[in-house]
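The next block is work_10.cif, given as mmCIF, C-alpha atoms and all ligand atoms.
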```cif
data_run
loop_
_atom_site.group_PDB
_atom_site.id
_atom_site.type_symbol
_atom_site.label_atom_id
_atom_site.label_comp_id
_atom_site.auth_asym_id
_atom_site.auth_seq_id
_atom_site.Cartn_x
_atom_site.Cartn_y
_atom_site.Cartn_z
ATOM 1 C CA MET A 23 155.141 -122.034 32.373
ATOM 2 C CA LYS A 24 153.702 -118.670 33.397
ATOM 3 C CA ILE A 25 152.789 -118.743 37.079
ATOM 4 C CA ILE A 26 150.990 -116.185 39.241
ATOM 5 C CA VAL A 27 151.043 -116.420 43.033
ATOM 6 C CA CYS A 28 148.411 -114.415 44.912
ATOM 7 C CA ILE A 29 149.724 -113.233 48.241
ATOM 8 C CA LYS A 30 147.937 -111.299 50.937
ATOM 9 C CA GLN A 31 149.610 -109.077 53.504
ATOM 10 C CA VAL A 32 148.142 -109.911 56.910
ATOM 11 C CA PRO A 33 148.740 -108.796 60.512
ATOM 12 C CA ASP A 34 151.408 -110.916 62.222
ATOM 13 C CA THR A 35 148.977 -112.386 64.695
ATOM 14 C CA SER A 36 145.945 -114.597 64.737
ATOM 15 C CA GLU A 37 144.674 -112.610 67.746
ATOM 16 C CA VAL A 38 142.947 -110.025 65.590
ATOM 17 C CA ARG A 39 141.544 -107.152 67.681
ATOM 18 C CA ILE A 40 138.360 -105.377 66.681
ATOM 19 C CA ASN A 41 137.450 -101.747 67.260
ATOM 20 C CA PRO A 42 134.048 -102.015 68.984
ATOM 21 C CA GLU A 43 133.021 -98.515 67.824
ATOM 22 C CA THR A 44 133.674 -98.969 64.107
ATOM 23 C CA ASN A 45 133.536 -102.770 63.885
ATOM 24 C CA THR A 46 136.768 -102.791 61.878
ATOM 25 C CA LEU A 47 140.056 -104.595 62.450
ATOM 26 C CA ILE A 48 142.666 -102.686 64.450
ATOM 27 C CA ARG A 49 145.752 -102.834 62.226
ATOM 28 C CA GLU A 50 147.800 -100.088 63.898
ATOM 29 C CA GLY A 51 150.842 -101.307 65.781
ATOM 30 C CA VAL A 52 150.572 -104.828 64.385
ATOM 31 C CA PRO A 53 153.470 -105.839 62.131
ATOM 32 C CA SER A 54 152.513 -107.279 58.737
ATOM 33 C CA ILE A 55 153.672 -110.493 57.108
ATOM 34 C CA ILE A 56 152.887 -112.539 54.006
ATOM 35 C CA ASN A 57 149.929 -114.778 54.832
ATOM 36 C CA PRO A 58 151.679 -118.015 55.958
ATOM 37 C CA TYR A 59 149.772 -120.261 53.494
ATOM 38 C CA ASP A 60 150.897 -117.988 50.667
ATOM 39 C CA LEU A 61 154.533 -118.780 51.487
ATOM 40 C CA HIS A 62 153.727 -122.394 50.554
ATOM 41 C CA ALA A 63 152.115 -121.126 47.334
ATOM 42 C CA ILE A 64 155.279 -119.160 46.523
ATOM 43 C CA GLU A 65 157.435 -122.211 47.275
ATOM 44 C CA ALA A 66 155.318 -124.404 44.972
ATOM 45 C CA ALA A 67 155.780 -121.932 42.124
ATOM 46 C CA LEU A 68 159.518 -121.601 42.761
ATOM 47 C CA GLN A 69 159.973 -125.390 42.770
ATOM 48 C CA ILE A 70 158.351 -125.517 39.319
ATOM 49 C CA LYS A 71 160.725 -122.776 38.200
ATOM 50 C CA ASP A 72 163.672 -124.705 39.677
ATOM 51 C CA GLN A 73 162.720 -127.638 37.390
ATOM 52 C CA ASP A 74 161.988 -125.436 34.388
ATOM 53 C CA PRO A 75 164.047 -122.221 34.539
ATOM 54 C CA ALA A 76 162.142 -120.804 31.551
ATOM 55 C CA SER A 77 159.114 -120.460 33.837
ATOM 56 C CA THR A 78 158.222 -117.065 35.267
ATOM 57 C CA VAL A 79 156.666 -116.402 38.655
ATOM 58 C CA THR A 80 154.722 -113.192 39.335
ATOM 59 C CA ALA A 81 153.476 -112.263 42.807
ATOM 60 C CA LEU A 82 150.173 -110.410 42.845
ATOM 61 C CA THR A 83 148.501 -108.632 45.722
ATOM 62 C CA MET A 84 145.665 -106.209 46.288
ATOM 63 C CA GLY A 85 146.019 -103.921 49.250
ATOM 64 C CA PRO A 86 147.107 -100.517 50.532
ATOM 65 C CA PRO A 87 150.407 -99.019 49.269
ATOM 66 C CA HIS A 88 152.170 -100.665 52.228
ATOM 67 C CA ALA A 89 151.428 -104.108 50.749
ATOM 68 C CA GLU A 90 154.412 -103.439 48.483
ATOM 69 C CA VAL A 91 156.555 -104.700 51.390
ATOM 70 C CA ALA A 92 154.993 -108.169 51.060
ATOM 71 C CA LEU A 93 155.753 -108.183 47.333
ATOM 72 C CA ARG A 94 159.389 -107.234 47.977
ATOM 73 C CA ASP A 95 159.584 -110.093 50.491
ATOM 74 C CA ALA A 96 158.305 -112.418 47.753
ATOM 75 C CA ILE A 97 160.946 -111.110 45.336
ATOM 76 C CA ALA A 98 163.604 -111.816 47.994
ATOM 77 C CA LEU A 99 162.442 -115.432 48.013
ATOM 78 C CA GLY A 100 163.019 -115.724 44.244
ATOM 79 C CA VAL A 101 159.832 -114.521 42.565
ATOM 80 C CA ASP A 102 160.622 -112.817 39.224
ATOM 81 C CA ASP A 103 158.318 -109.823 39.389
ATOM 82 C CA ALA A 104 155.307 -108.423 41.178
ATOM 83 C CA ALA A 105 152.179 -106.345 40.765
ATOM 84 C CA LEU A 106 150.288 -104.372 43.398
ATOM 85 C CA LEU A 107 146.626 -103.471 42.929
ATOM 86 C CA THR A 108 146.188 -100.332 44.923
ATOM 87 C CA ASP A 109 143.483 -97.729 44.443
ATOM 88 C CA ARG A 110 140.818 -96.157 46.659
ATOM 89 C CA ALA A 111 138.347 -97.766 44.263
ATOM 90 C CA PHE A 112 139.279 -101.176 45.738
ATOM 91 C CA ALA A 113 138.464 -100.081 49.330
ATOM 92 C CA GLY A 114 135.685 -102.015 51.045
ATOM 93 C CA SER A 115 136.094 -105.052 48.783
ATOM 94 C CA ASP A 116 134.555 -108.255 50.100
ATOM 95 C CA THR A 117 135.929 -111.586 48.883
ATOM 96 C CA TRP A 118 133.899 -111.436 45.642
ATOM 97 C CA ALA A 119 135.177 -107.983 44.675
ATOM 98 C CA THR A 120 138.709 -108.967 45.746
ATOM 99 C CA ALA A 121 138.550 -112.050 43.524
ATOM 100 C CA TYR A 122 137.202 -109.978 40.623
ATOM 101 C CA ALA A 123 140.060 -107.465 40.834
ATOM 102 C CA LEU A 124 142.694 -110.208 41.164
ATOM 103 C CA ALA A 125 141.172 -112.058 38.194
ATOM 104 C CA LYS A 126 141.278 -108.925 36.033
ATOM 105 C CA ALA A 127 144.939 -108.441 36.960
ATOM 106 C CA ALA A 128 145.701 -112.115 36.250
ATOM 107 C CA GLU A 129 144.167 -111.720 32.779
ATOM 108 C CA LYS A 130 146.436 -108.744 32.202
ATOM 109 C CA ILE A 131 149.552 -110.643 33.341
ATOM 110 C CA GLY A 132 148.697 -113.934 31.571
ATOM 111 C CA PHE A 133 149.141 -117.350 33.193
ATOM 112 C CA ASP A 134 149.209 -121.135 32.907
ATOM 113 C CA MET A 135 148.830 -121.642 36.655
ATOM 114 C CA ILE A 136 147.683 -119.551 39.601
ATOM 115 C CA PHE A 137 148.570 -120.456 43.175
ATOM 116 C CA CYS A 138 146.757 -119.106 46.234
ATOM 117 C CA GLY A 139 146.984 -120.034 49.882
ATOM 118 C CA LYS A 140 144.234 -122.212 51.348
ATOM 119 C CA GLN A 141 142.989 -119.206 53.343
ATOM 120 C CA ALA A 142 144.135 -115.940 54.841
ATOM 121 C CA ILE A 143 144.790 -115.994 58.583
ATOM 122 C CA ASP A 144 142.858 -112.742 59.130
ATOM 123 C CA GLY A 145 139.804 -112.937 56.855
ATOM 124 C CA ASP A 146 139.817 -116.739 57.023
ATOM 125 C CA THR A 147 137.087 -117.297 54.451
ATOM 126 C CA ALA A 148 139.070 -119.446 51.945
ATOM 127 C CA GLN A 149 136.823 -117.967 49.247
ATOM 128 C CA VAL A 150 139.116 -115.773 47.172
ATOM 129 C CA GLY A 151 140.919 -118.546 45.229
ATOM 130 C CA PRO A 152 137.825 -120.468 44.088
ATOM 131 C CA GLU A 153 135.961 -117.212 43.313
ATOM 132 C CA MET A 154 138.881 -115.997 41.232
ATOM 133 C CA ALA A 155 138.783 -119.226 39.195
ATOM 134 C CA GLU A 156 135.060 -118.618 38.609
ATOM 135 C CA PHE A 157 135.733 -115.112 37.287
ATOM 136 C CA LEU A 158 138.466 -116.491 35.016
ATOM 137 C CA ASN A 159 136.282 -119.417 33.948
ATOM 138 C CA ILE A 160 139.070 -121.922 34.640
ATOM 139 C CA PRO A 161 139.106 -125.077 36.797
ATOM 140 C CA HIS A 162 140.407 -124.915 40.345
ATOM 141 C CA ILE A 163 141.610 -127.456 42.895
ATOM 142 C CA ALA A 164 141.578 -126.500 46.584
ATOM 143 C CA TYR A 165 143.755 -127.944 49.396
ATOM 144 C CA VAL A 166 146.589 -129.147 47.137
ATOM 145 C CA LYS A 167 149.115 -131.031 49.280
ATOM 146 C CA LYS A 168 151.335 -132.531 46.574
ATOM 147 C CA ILE A 169 152.101 -131.849 42.943
ATOM 148 C CA GLU A 170 152.716 -135.265 41.453
ATOM 149 C CA LYS A 171 153.530 -134.414 37.852
ATOM 150 C CA ILE A 172 153.219 -131.697 35.269
ATOM 151 C CA GLU A 173 152.891 -132.693 31.621
ATOM 152 C CA THR A 174 152.131 -130.660 28.510
ATOM 153 C CA GLY A 175 148.817 -128.949 29.177
ATOM 154 C CA LYS A 176 147.951 -130.953 32.300
ATOM 155 C CA ILE A 177 148.843 -131.512 35.940
ATOM 156 C CA THR A 178 148.285 -134.251 38.530
ATOM 157 C CA VAL A 179 147.960 -133.279 42.198
ATOM 158 C CA HIS A 180 146.939 -134.684 45.563
ATOM 159 C CA ARG A 181 144.083 -132.853 47.304
ATOM 160 C CA LEU A 182 143.949 -133.091 51.089
ATOM 161 C CA MET A 183 140.698 -134.564 52.411
ATOM 162 C CA ASP A 184 139.468 -135.243 55.972
ATOM 163 C CA ASP A 185 140.141 -138.952 55.595
ATOM 164 C CA GLY A 186 143.152 -139.062 53.250
ATOM 165 C CA TYR A 187 143.644 -137.491 49.820
ATOM 166 C CA ASP A 188 142.248 -137.499 46.286
ATOM 167 C CA VAL A 189 144.474 -137.806 43.211
ATOM 168 C CA LEU A 190 143.192 -135.330 40.624
ATOM 169 C CA GLU A 191 144.260 -134.551 37.090
ATOM 170 C CA SER A 192 143.361 -131.220 35.518
ATOM 171 C CA SER A 193 143.980 -129.414 32.283
ATOM 172 C CA LEU A 194 145.886 -126.133 32.377
ATOM 173 C CA PRO A 195 145.310 -123.252 32.951
ATOM 174 C CA LEU A 196 144.343 -124.056 36.518
ATOM 175 C CA LEU A 197 144.049 -122.290 39.878
ATOM 176 C CA MET A 198 145.203 -124.168 42.980
ATOM 177 C CA THR A 199 144.893 -123.276 46.653
ATOM 178 C CA VAL A 200 147.573 -124.930 48.747
ATOM 179 C CA VAL A 201 147.953 -126.304 52.274
ATOM 180 C CA LYS A 202 151.049 -126.252 54.455
ATOM 181 C CA GLU A 203 151.684 -129.982 53.915
ATOM 182 C CA LEU A 204 152.716 -129.175 50.308
ATOM 183 C CA ASN A 205 156.274 -128.070 51.069
ATOM 184 C CA THR A 206 158.667 -126.227 53.363
ATOM 185 C CA PRO A 207 159.035 -122.598 52.284
ATOM 186 C CA ARG A 208 162.592 -121.515 51.557
ATOM 187 C CA LEU A 209 164.328 -118.567 53.200
ATOM 188 C CA PRO A 210 165.276 -115.436 51.249
ATOM 189 C CA SER A 211 168.756 -115.381 49.732
ATOM 190 C CA ILE A 212 171.195 -112.444 49.950
ATOM 191 C CA LYS A 213 170.966 -112.076 46.155
ATOM 192 C CA GLY A 214 167.162 -112.088 46.395
ATOM 193 C CA LYS A 215 167.184 -109.458 49.130
ATOM 194 C CA MET A 216 169.419 -107.201 47.023
ATOM 195 C CA ARG A 217 167.103 -107.616 44.033
ATOM 196 C CA ALA A 218 164.062 -106.947 46.201
ATOM 197 C CA LYS A 219 165.478 -103.581 47.265
ATOM 198 C CA LYS A 220 165.987 -102.383 43.708
ATOM 199 C CA ILE A 221 163.157 -103.857 41.681
ATOM 200 C CA GLU A 222 160.349 -101.623 40.450
ATOM 201 C CA ILE A 223 156.965 -102.937 41.569
ATOM 202 C CA ARG A 224 154.144 -102.409 39.088
ATOM 203 C CA LYS A 225 151.260 -100.530 40.724
ATOM 204 C CA TRP A 226 147.894 -100.793 39.058
ATOM 205 C CA THR A 227 144.644 -98.922 39.590
ATOM 206 C CA ARG A 228 141.123 -100.085 38.729
ATOM 207 C CA GLN A 229 141.451 -98.519 35.294
ATOM 208 C CA ASP A 230 144.858 -100.117 34.647
ATOM 209 C CA ILE A 231 143.314 -103.587 34.935
ATOM 210 C CA GLY A 232 140.137 -102.671 33.039
ATOM 211 C CA ALA A 233 137.909 -103.448 36.062
ATOM 212 C CA GLU A 234 134.334 -102.165 35.938
ATOM 213 C CA ASP A 235 133.448 -99.599 38.590
ATOM 214 C CA SER A 236 130.194 -101.396 39.445
ATOM 215 C CA LEU A 237 132.099 -104.627 40.234
ATOM 216 C CA THR A 238 134.938 -103.037 42.199
ATOM 217 C CA GLY A 239 135.360 -102.240 45.896
ATOM 218 C CA LEU A 240 132.229 -101.558 47.917
ATOM 219 C CA ASN A 241 130.164 -101.178 44.705
ATOM 220 C CA GLY A 242 131.020 -104.727 43.697
ATOM 221 C CA SER A 243 130.637 -106.274 47.166
ATOM 222 C CA PRO A 244 127.360 -108.110 47.759
ATOM 223 C CA THR A 245 128.343 -108.807 51.401
ATOM 224 C CA ARG A 246 127.184 -106.407 54.106
ATOM 225 C CA VAL A 247 128.817 -106.749 57.518
ATOM 226 C CA SER A 248 126.091 -106.132 60.105
ATOM 227 C CA ASN A 249 128.249 -106.923 63.114
ATOM 228 C CA ILE A 250 131.788 -108.080 63.797
ATOM 229 C CA PHE A 251 133.023 -109.330 67.150
ATOM 230 C CA ALA A 252 135.494 -111.683 68.751
ATOM 231 C CA PRO A 253 133.627 -114.798 69.887
ATOM 232 C CA VAL A 254 133.563 -115.360 73.637
ATOM 233 C CA ILE A 255 135.163 -118.723 74.278
ATOM 234 C CA LYS A 256 132.948 -120.654 76.665
ATOM 235 C CA LYS A 257 133.578 -124.182 77.753
ATOM 236 C CA GLU A 258 130.034 -124.815 78.962
ATOM 237 C CA ARG A 259 128.398 -128.006 77.793
ATOM 238 C CA LYS A 260 124.650 -128.331 77.393
ATOM 239 C CA THR A 261 122.738 -131.461 76.498
ATOM 240 C CA ILE A 262 119.605 -130.997 74.452
ATOM 241 C CA THR A 263 116.837 -133.532 74.238
ATOM 242 C CA GLY A 264 113.541 -133.936 72.394
ATOM 243 C CA THR A 265 112.393 -134.701 68.867
ATOM 244 C CA PRO A 266 114.695 -133.628 66.001
ATOM 245 C CA ASP A 267 112.456 -130.556 65.397
ATOM 246 C CA GLU A 268 112.519 -129.579 69.082
ATOM 247 C CA MET A 269 116.284 -130.013 69.248
ATOM 248 C CA ALA A 270 116.754 -127.945 66.051
ATOM 249 C CA ALA A 271 114.624 -125.157 67.577
ATOM 250 C CA GLN A 272 116.702 -125.212 70.762
ATOM 251 C CA ILE A 273 119.952 -125.038 68.776
ATOM 252 C CA LEU A 274 118.549 -122.073 66.839
ATOM 253 C CA ASP A 275 117.684 -120.258 70.084
ATOM 254 C CA GLU A 276 121.174 -120.935 71.456
ATOM 255 C CA LEU A 277 122.823 -119.577 68.285
ATOM 256 C CA LYS A 278 120.630 -116.468 68.387
ATOM 257 C CA ALA A 279 121.532 -115.927 72.043
ATOM 258 C CA LEU A 280 125.222 -116.149 71.074
ATOM 259 C CA HIS A 281 124.629 -113.691 68.173
ATOM 260 C CA CYS A 282 125.923 -116.317 65.718
ATOM 261 C CA ILE A 283 122.881 -115.665 63.530
ATOM 262 C CA GLN A 284 120.513 -112.752 63.145
ATOM 263 C CA PRO A 285 117.132 -113.039 64.855
ATOM 264 C CA GLY A 286 114.138 -113.238 62.521
HETATM 265 C C1 LIG B 301 131.709 -106.094 53.161
HETATM 266 C C2 LIG B 301 133.167 -106.279 53.369
HETATM 267 C C3 LIG B 301 133.978 -105.169 53.338
HETATM 268 C C4 LIG B 301 135.338 -105.316 53.532
HETATM 269 N N1 LIG B 301 136.078 -104.208 53.520
HETATM 270 C C5 LIG B 301 137.391 -104.314 53.732
HETATM 271 C C6 LIG B 301 138.200 -103.151 53.763
HETATM 272 O O1 LIG B 301 137.720 -102.028 53.614
HETATM 273 N N2 LIG B 301 139.539 -103.323 53.968
HETATM 274 C C7 LIG B 301 140.088 -104.558 54.132
HETATM 275 O O2 LIG B 301 141.309 -104.665 54.318
HETATM 276 N N3 LIG B 301 139.343 -105.687 54.110
HETATM 277 C C8 LIG B 301 138.014 -105.586 53.918
HETATM 278 N N4 LIG B 301 137.263 -106.700 53.911
HETATM 279 C C9 LIG B 301 137.925 -107.999 54.037
HETATM 280 C C10 LIG B 301 138.306 -108.462 52.647
HETATM 281 O O3 LIG B 301 137.178 -108.698 51.870
HETATM 282 C C11 LIG B 301 139.058 -109.755 52.739
HETATM 283 O O4 LIG B 301 140.212 -109.505 53.485
HETATM 284 C C12 LIG B 301 139.496 -110.239 51.368
HETATM 285 O O5 LIG B 301 138.432 -110.347 50.482
HETATM 286 C C13 LIG B 301 140.185 -111.583 51.413
HETATM 287 O O6 LIG B 301 139.351 -112.507 52.070
HETATM 288 P P1 LIG B 301 140.008 -113.505 53.094
HETATM 289 O O7 LIG B 301 140.892 -112.721 53.955
HETATM 290 O O8 LIG B 301 138.918 -114.298 53.697
HETATM 291 O O9 LIG B 301 140.921 -114.393 52.138
HETATM 292 P P2 LIG B 301 140.882 -115.983 51.768
HETATM 293 O O10 LIG B 301 139.806 -116.191 50.810
HETATM 294 O O11 LIG B 301 140.834 -116.749 53.080
HETATM 295 O O12 LIG B 301 142.288 -116.056 51.133
HETATM 296 C C14 LIG B 301 142.659 -117.181 50.331
HETATM 297 C C15 LIG B 301 143.827 -116.818 49.463
HETATM 298 O O13 LIG B 301 143.422 -115.850 48.503
HETATM 299 C C16 LIG B 301 144.511 -114.981 48.218
HETATM 300 N N5 LIG B 301 144.137 -113.615 48.612
HETATM 301 C C17 LIG B 301 143.179 -113.215 49.477
HETATM 302 N N6 LIG B 301 143.135 -111.868 49.542
HETATM 303 C C18 LIG B 301 144.093 -111.417 48.709
HETATM 304 C C19 LIG B 301 144.563 -110.125 48.342
HETATM 305 N N7 LIG B 301 144.035 -108.999 48.844
HETATM 306 N N8 LIG B 301 145.572 -110.031 47.436
HETATM 307 C C20 LIG B 301 146.127 -111.157 46.917
HETATM 308 N N9 LIG B 301 145.732 -112.398 47.220
HETATM 309 C C21 LIG B 301 144.739 -112.520 48.110
HETATM 310 C C22 LIG B 301 145.707 -115.489 49.024
HETATM 311 O O14 LIG B 301 146.412 -116.407 48.217
HETATM 312 C C23 LIG B 301 145.021 -116.208 50.183
HETATM 313 O O15 LIG B 301 145.837 -117.188 50.761
HETATM 314 C C24 LIG B 301 135.913 -106.600 53.732
HETATM 315 C C25 LIG B 301 135.100 -107.714 53.753
HETATM 316 C C26 LIG B 301 133.749 -107.572 53.593
HETATM 317 C C27 LIG B 301 132.897 -108.794 53.671
#
```
Whole structure, structure tokens version:
Amino acid sequence: MKIIVCIKQVPDTSEVRINPETNTLIREGVPSIINPYDLHAIEAALQIKDQDPASTVTALTMGPPHAEVALRDAIALGVDDAALLTDRAFAGSDTWATAYALAKAAEKIGFDMIFCGKQAIDGDTAQVGPEMAEFLNIPHIAYVKKIEKIETGKITVHRLMDDGYDVLESSLPLLMTVVKELNTPRLPSIKGKMRAKKIEIRKWTRQDIGAEDSLTGLNGSPTRVSNIFAPVIKKERKTITGTPDEMAAQILDELKALHCIQPG
């Protein structure tokens, strides 16, 4: 089984601070970690490898050169090898352009399964996994909380739902996004840490993965961020009354006043 795990390096805090001048995240002085959900994705892949030692697990990330640290941490946990997509051409990527680049890299690596975390704790959109599956034209299952069995060419999993879980069977190749209920991530071993220090991490540019310029980075990002801000947490409660149309109009006004949606 050839497995890819997508990991994102994120700031070690959920209290993300925003520069009010530039509307960008303040990353300076904040230590980085592997996105916590991605640790469960790594663990899922390693458990498959534990059962079938012929399997290979590759960690894949897109980020600045410093994201190499996250890949070395993944190697220390037992991942076989790693690839870092790093190029100025990737700067300004929204989730769609991120998913495109990761999909191009996954095609280059080859895979039977791709694991992603449910969401990243900084961007929080939970879009990258499903979008990547779309680019690769493969099925995906989100919120996987248990892998029940893997047979030749197919897999059965439990998908977490609000009111329980679904049992789903899919053909392979497949992309899964995982939740923390799936497993308990292991700790790095001494042997893994030694390997992580020495291993050469593959570093790929846009051209290395054959990504089109028009679909990469800012050029390939249909999203435009008009404003970014930390929401003010208010505990006020307001009761609205009237007909459904009147109440909808009042809700709209409230959301506009809170800048949750653009006026117009
Ligand atoms: C217009 C726009 C411009 C942006 N410009 C920048 C920018 O210049 N610099 C910047 O740092 N961010 C930028 N971002 C944020 C960036 O798009 C997101 O951080 C990124 O697309 C991932 O989205 P997310 O954090 O919501 O991940 P989610 O979709 O919540 O993540 C789900 C899972 O996908 C995988 N995943 C997500 N991102 C990566 C990754 N990079 N590598 C490997 N696996 C991953 C992980 O498995 C993760 O658990 C921009 C966003 C927008 C909308």
Could I get the residue neighbourhood of ligand LIG 301 (chain B) at 7 Å, counting all atoms listed in the file, as a PDB file with C-alpha atoms, keeping the file's coordinate frame?
```pdb
ATOM      1  CA  VAL A  27     151.043-116.420  43.033  1.00  0.00           C
ATOM      2  CA  CYS A  28     148.411-114.415  44.912  1.00  0.00           C
ATOM      3  CA  ILE A  29     149.724-113.233  48.241  1.00  0.00           C
ATOM      4  CA  LYS A  30     147.937-111.299  50.937  1.00  0.00           C
ATOM      5  CA  ASN A  57     149.929-114.778  54.832  1.00  0.00           C
ATOM      6  CA  TYR A  59     149.772-120.261  53.494  1.00  0.00           C
ATOM      7  CA  ASP A  60     150.897-117.988  50.667  1.00  0.00           C
ATOM      8  CA  LEU A  82     150.173-110.410  42.845  1.00  0.00           C
ATOM      9  CA  THR A  83     148.501-108.632  45.722  1.00  0.00           C
ATOM     10  CA  MET A  84     145.665-106.209  46.288  1.00  0.00           C
ATOM     11  CA  GLY A  85     146.019-103.921  49.250  1.00  0.00           C
ATOM     12  CA  ALA A 113     138.464-100.081  49.330  1.00  0.00           C
ATOM     13  CA  GLY A 114     135.685-102.015  51.045  1.00  0.00           C
ATOM     14  CA  SER A 115     136.094-105.052  48.783  1.00  0.00           C
ATOM     15  CA  ASP A 116     134.555-108.255  50.100  1.00  0.00           C
ATOM     16  CA  THR A 117     135.929-111.586  48.883  1.00  0.00           C
ATOM     17  CA  TRP A 118     133.899-111.436  45.642  1.00  0.00           C
ATOM     18  CA  THR A 120     138.709-108.967  45.746  1.00  0.00           C
ATOM     19  CA  LEU A 124     142.694-110.208  41.164  1.00  0.00           C
ATOM     20  CA  PHE A 137     148.570-120.456  43.175  1.00  0.00           C
ATOM     21  CA  CYS A 138     146.757-119.106  46.234  1.00  0.00           C
ATOM     22  CA  GLY A 139     146.984-120.034  49.882  1.00  0.00           C
ATOM     23  CA  LYS A 140     144.234-122.212  51.348  1.00  0.00           C
ATOM     24  CA  GLN A 141     142.989-119.206  53.343  1.00  0.00           C
ATOM     25  CA  ALA A 142     144.135-115.940  54.841  1.00  0.00           C
ATOM     26  CA  ILE A 143     144.790-115.994  58.583  1.00  0.00           C
ATOM     27  CA  ASP A 144     142.858-112.742  59.130  1.00  0.00           C
ATOM     28  CA  GLY A 145     139.804-112.937  56.855  1.00  0.00           C
ATOM     29  CA  ASP A 146     139.817-116.739  57.023  1.00  0.00           C
ATOM     30  CA  THR A 147     137.087-117.297  54.451  1.00  0.00           C
ATOM     31  CA  ALA A 148     139.070-119.446  51.945  1.00  0.00           C
ATOM     32  CA  GLN A 149     136.823-117.967  49.247  1.00  0.00           C
ATOM     33  CA  VAL A 150     139.116-115.773  47.172  1.00  0.00           C
ATOM     34  CA  GLY A 151     140.919-118.546  45.229  1.00  0.00           C
ATOM     35  CA  LEU A 240     132.229-101.558  47.917  1.00  0.00           C
ATOM     36  CA  SER A 243     130.637-106.274  47.166  1.00  0.00           C
ATOM     37  CA  THR A 245     128.343-108.807  51.401  1.00  0.00           C
ATOM     38  CA  ARG A 246     127.184-106.407  54.106  1.00  0.00           C
ATOM     39  CA  VAL A 247     128.817-106.749  57.518  1.00  0.00           C
TER      40      VAL A 247
END
```
Would you work out the distance separating atom CA of Ala89 of chain A from atom CA of Glu203 of chain A, expressed in Å to one decimal?
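Value for the atom CA of Ala89 of chain A-atom CA of Glu203 of chain A distance: 26.1 Å.
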For Asn249 of chain A, the nearest of the candidates A:His281, A:Arg228, A:Arg110, A:Lys24, counting all atoms listed in the file:
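Distance minimum relative to Asn249 of chain A lands on A:His281.
You will find atom CA of Leu99 of chain A at 18.8 Å from atom CA of Met135 of chain A.
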For this structure, which residues satisfy the selection - the PyMOL selection byres (((chain A and resi 153-163) around 6) and not hetatm) - when it is evaluated on the file as given? I want them as a ChimeraX atom specification.
/A:121,125,150-152,164,196-198
Keeping only C-alpha atoms, write the selected residues as an mmCIF file, keeping the file's coordinate frame.
```
data_model
loop_
_atom_site.group_PDB
_atom_site.id
_atom_site.type_symbol
_atom_site.label_atom_id
_atom_site.label_comp_id
_atom_site.auth_asym_id
_atom_site.auth_seq_id
_atom_site.Cartn_x
_atom_site.Cartn_y
_atom_site.Cartn_z
ATOM 1 C CA ALA A 121 138.550 -112.050 43.524
ATOM 2 C CA ALA A 125 141.172 -112.058 38.194
ATOM 3 C CA VAL A 150 139.116 -115.773 47.172
ATOM 4 C CA GLY A 151 140.919 -118.546 45.229
ATOM 5 C CA PRO A 152 137.825 -120.468 44.088
ATOM 6 C CA ALA A 164 141.578 -126.500 46.584
ATOM 7 C CA LEU A 196 144.343 -124.056 36.518
ATOM 8 C CA LEU A 197 144.049 -122.290 39.878
ATOM 9 C CA MET A 198 145.203 -124.168 42.980
#
```
Can you give me, as a tab-separated table (two decimals) with C-alpha atoms, in the frame of the given file, the residues this file yields under the PyMOL selection byres (((chain A and resi 189) around 10) and not hetatm)?
```
chain	number	residue	atom	x	y	z
A	166	VAL	CA	146.59	-129.15	47.14
A	168	LYS	CA	151.34	-132.53	46.57
A	169	ILE	CA	152.10	-131.85	42.94
A	170	GLU	CA	152.72	-135.26	41.45
A	178	THR	CA	148.28	-134.25	38.53
A	179	VAL	CA	147.96	-133.28	42.20
A	180	HIS	CA	146.94	-134.68	45.56
A	181	ARG	CA	144.08	-132.85	47.30
A	182	LEU	CA	143.95	-133.09	51.09
A	187	TYR	CA	143.64	-137.49	49.82
A	188	ASP	CA	142.25	-137.50	46.29
A	190	LEU	CA	143.19	-135.33	40.62
A	191	GLU	CA	144.26	-134.55	37.09
```
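Excluding segment 73-81 of chain A itself and same-chain residues fewer than 5 positions from it, the residues having an atom within 9 Å of it are Met23, Lys24, Ile25, Ile26, Val27, Cys28, Ile29, Ile64, Ala67, Leu68, Leu93, Ala96, Ile97, Gly100, Val101, Asp102, Asp103, Ala104, Ala105, Leu106 and Ile131 of chain A, counting only C-alpha atoms.
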Would you mind exporting C-alpha atoms of the selected residues as a tab-separated table (two decimals), keeping the file's coordinate frame?
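Wrote it out as again-v1.tsv, contents follow:
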```
chain	number	residue	atom	x	y	z
A	23	MET	CA	155.14	-122.03	32.37
A	24	LYS	CA	153.70	-118.67	33.40
A	25	ILE	CA	152.79	-118.74	37.08
A	26	ILE	CA	150.99	-116.18	39.24
A	27	VAL	CA	151.04	-116.42	43.03
A	28	CYS	CA	148.41	-114.42	44.91
A	29	ILE	CA	149.72	-113.23	48.24
A	64	ILE	CA	155.28	-119.16	46.52
A	67	ALA	CA	155.78	-121.93	42.12
A	68	LEU	CA	159.52	-121.60	42.76
A	93	LEU	CA	155.75	-108.18	47.33
A	96	ALA	CA	158.30	-112.42	47.75
A	97	ILE	CA	160.95	-111.11	45.34
A	100	GLY	CA	163.02	-115.72	44.24
A	101	VAL	CA	159.83	-114.52	42.56
A	102	ASP	CA	160.62	-112.82	39.22
A	103	ASP	CA	158.32	-109.82	39.39
A	104	ALA	CA	155.31	-108.42	41.18
A	105	ALA	CA	152.18	-106.34	40.76
A	106	LEU	CA	150.29	-104.37	43.40
A	131	ILE	CA	149.55	-110.64	33.34
```
Have a look at atom CA of Tyr165 of chain A and atom CA of Val200 of chain A and let me know their distance in Å, one decimal.
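If I compute the distance from atom CA of Tyr165 of chain A to atom CA of Val200 of chain A, I get 4.9 Å.
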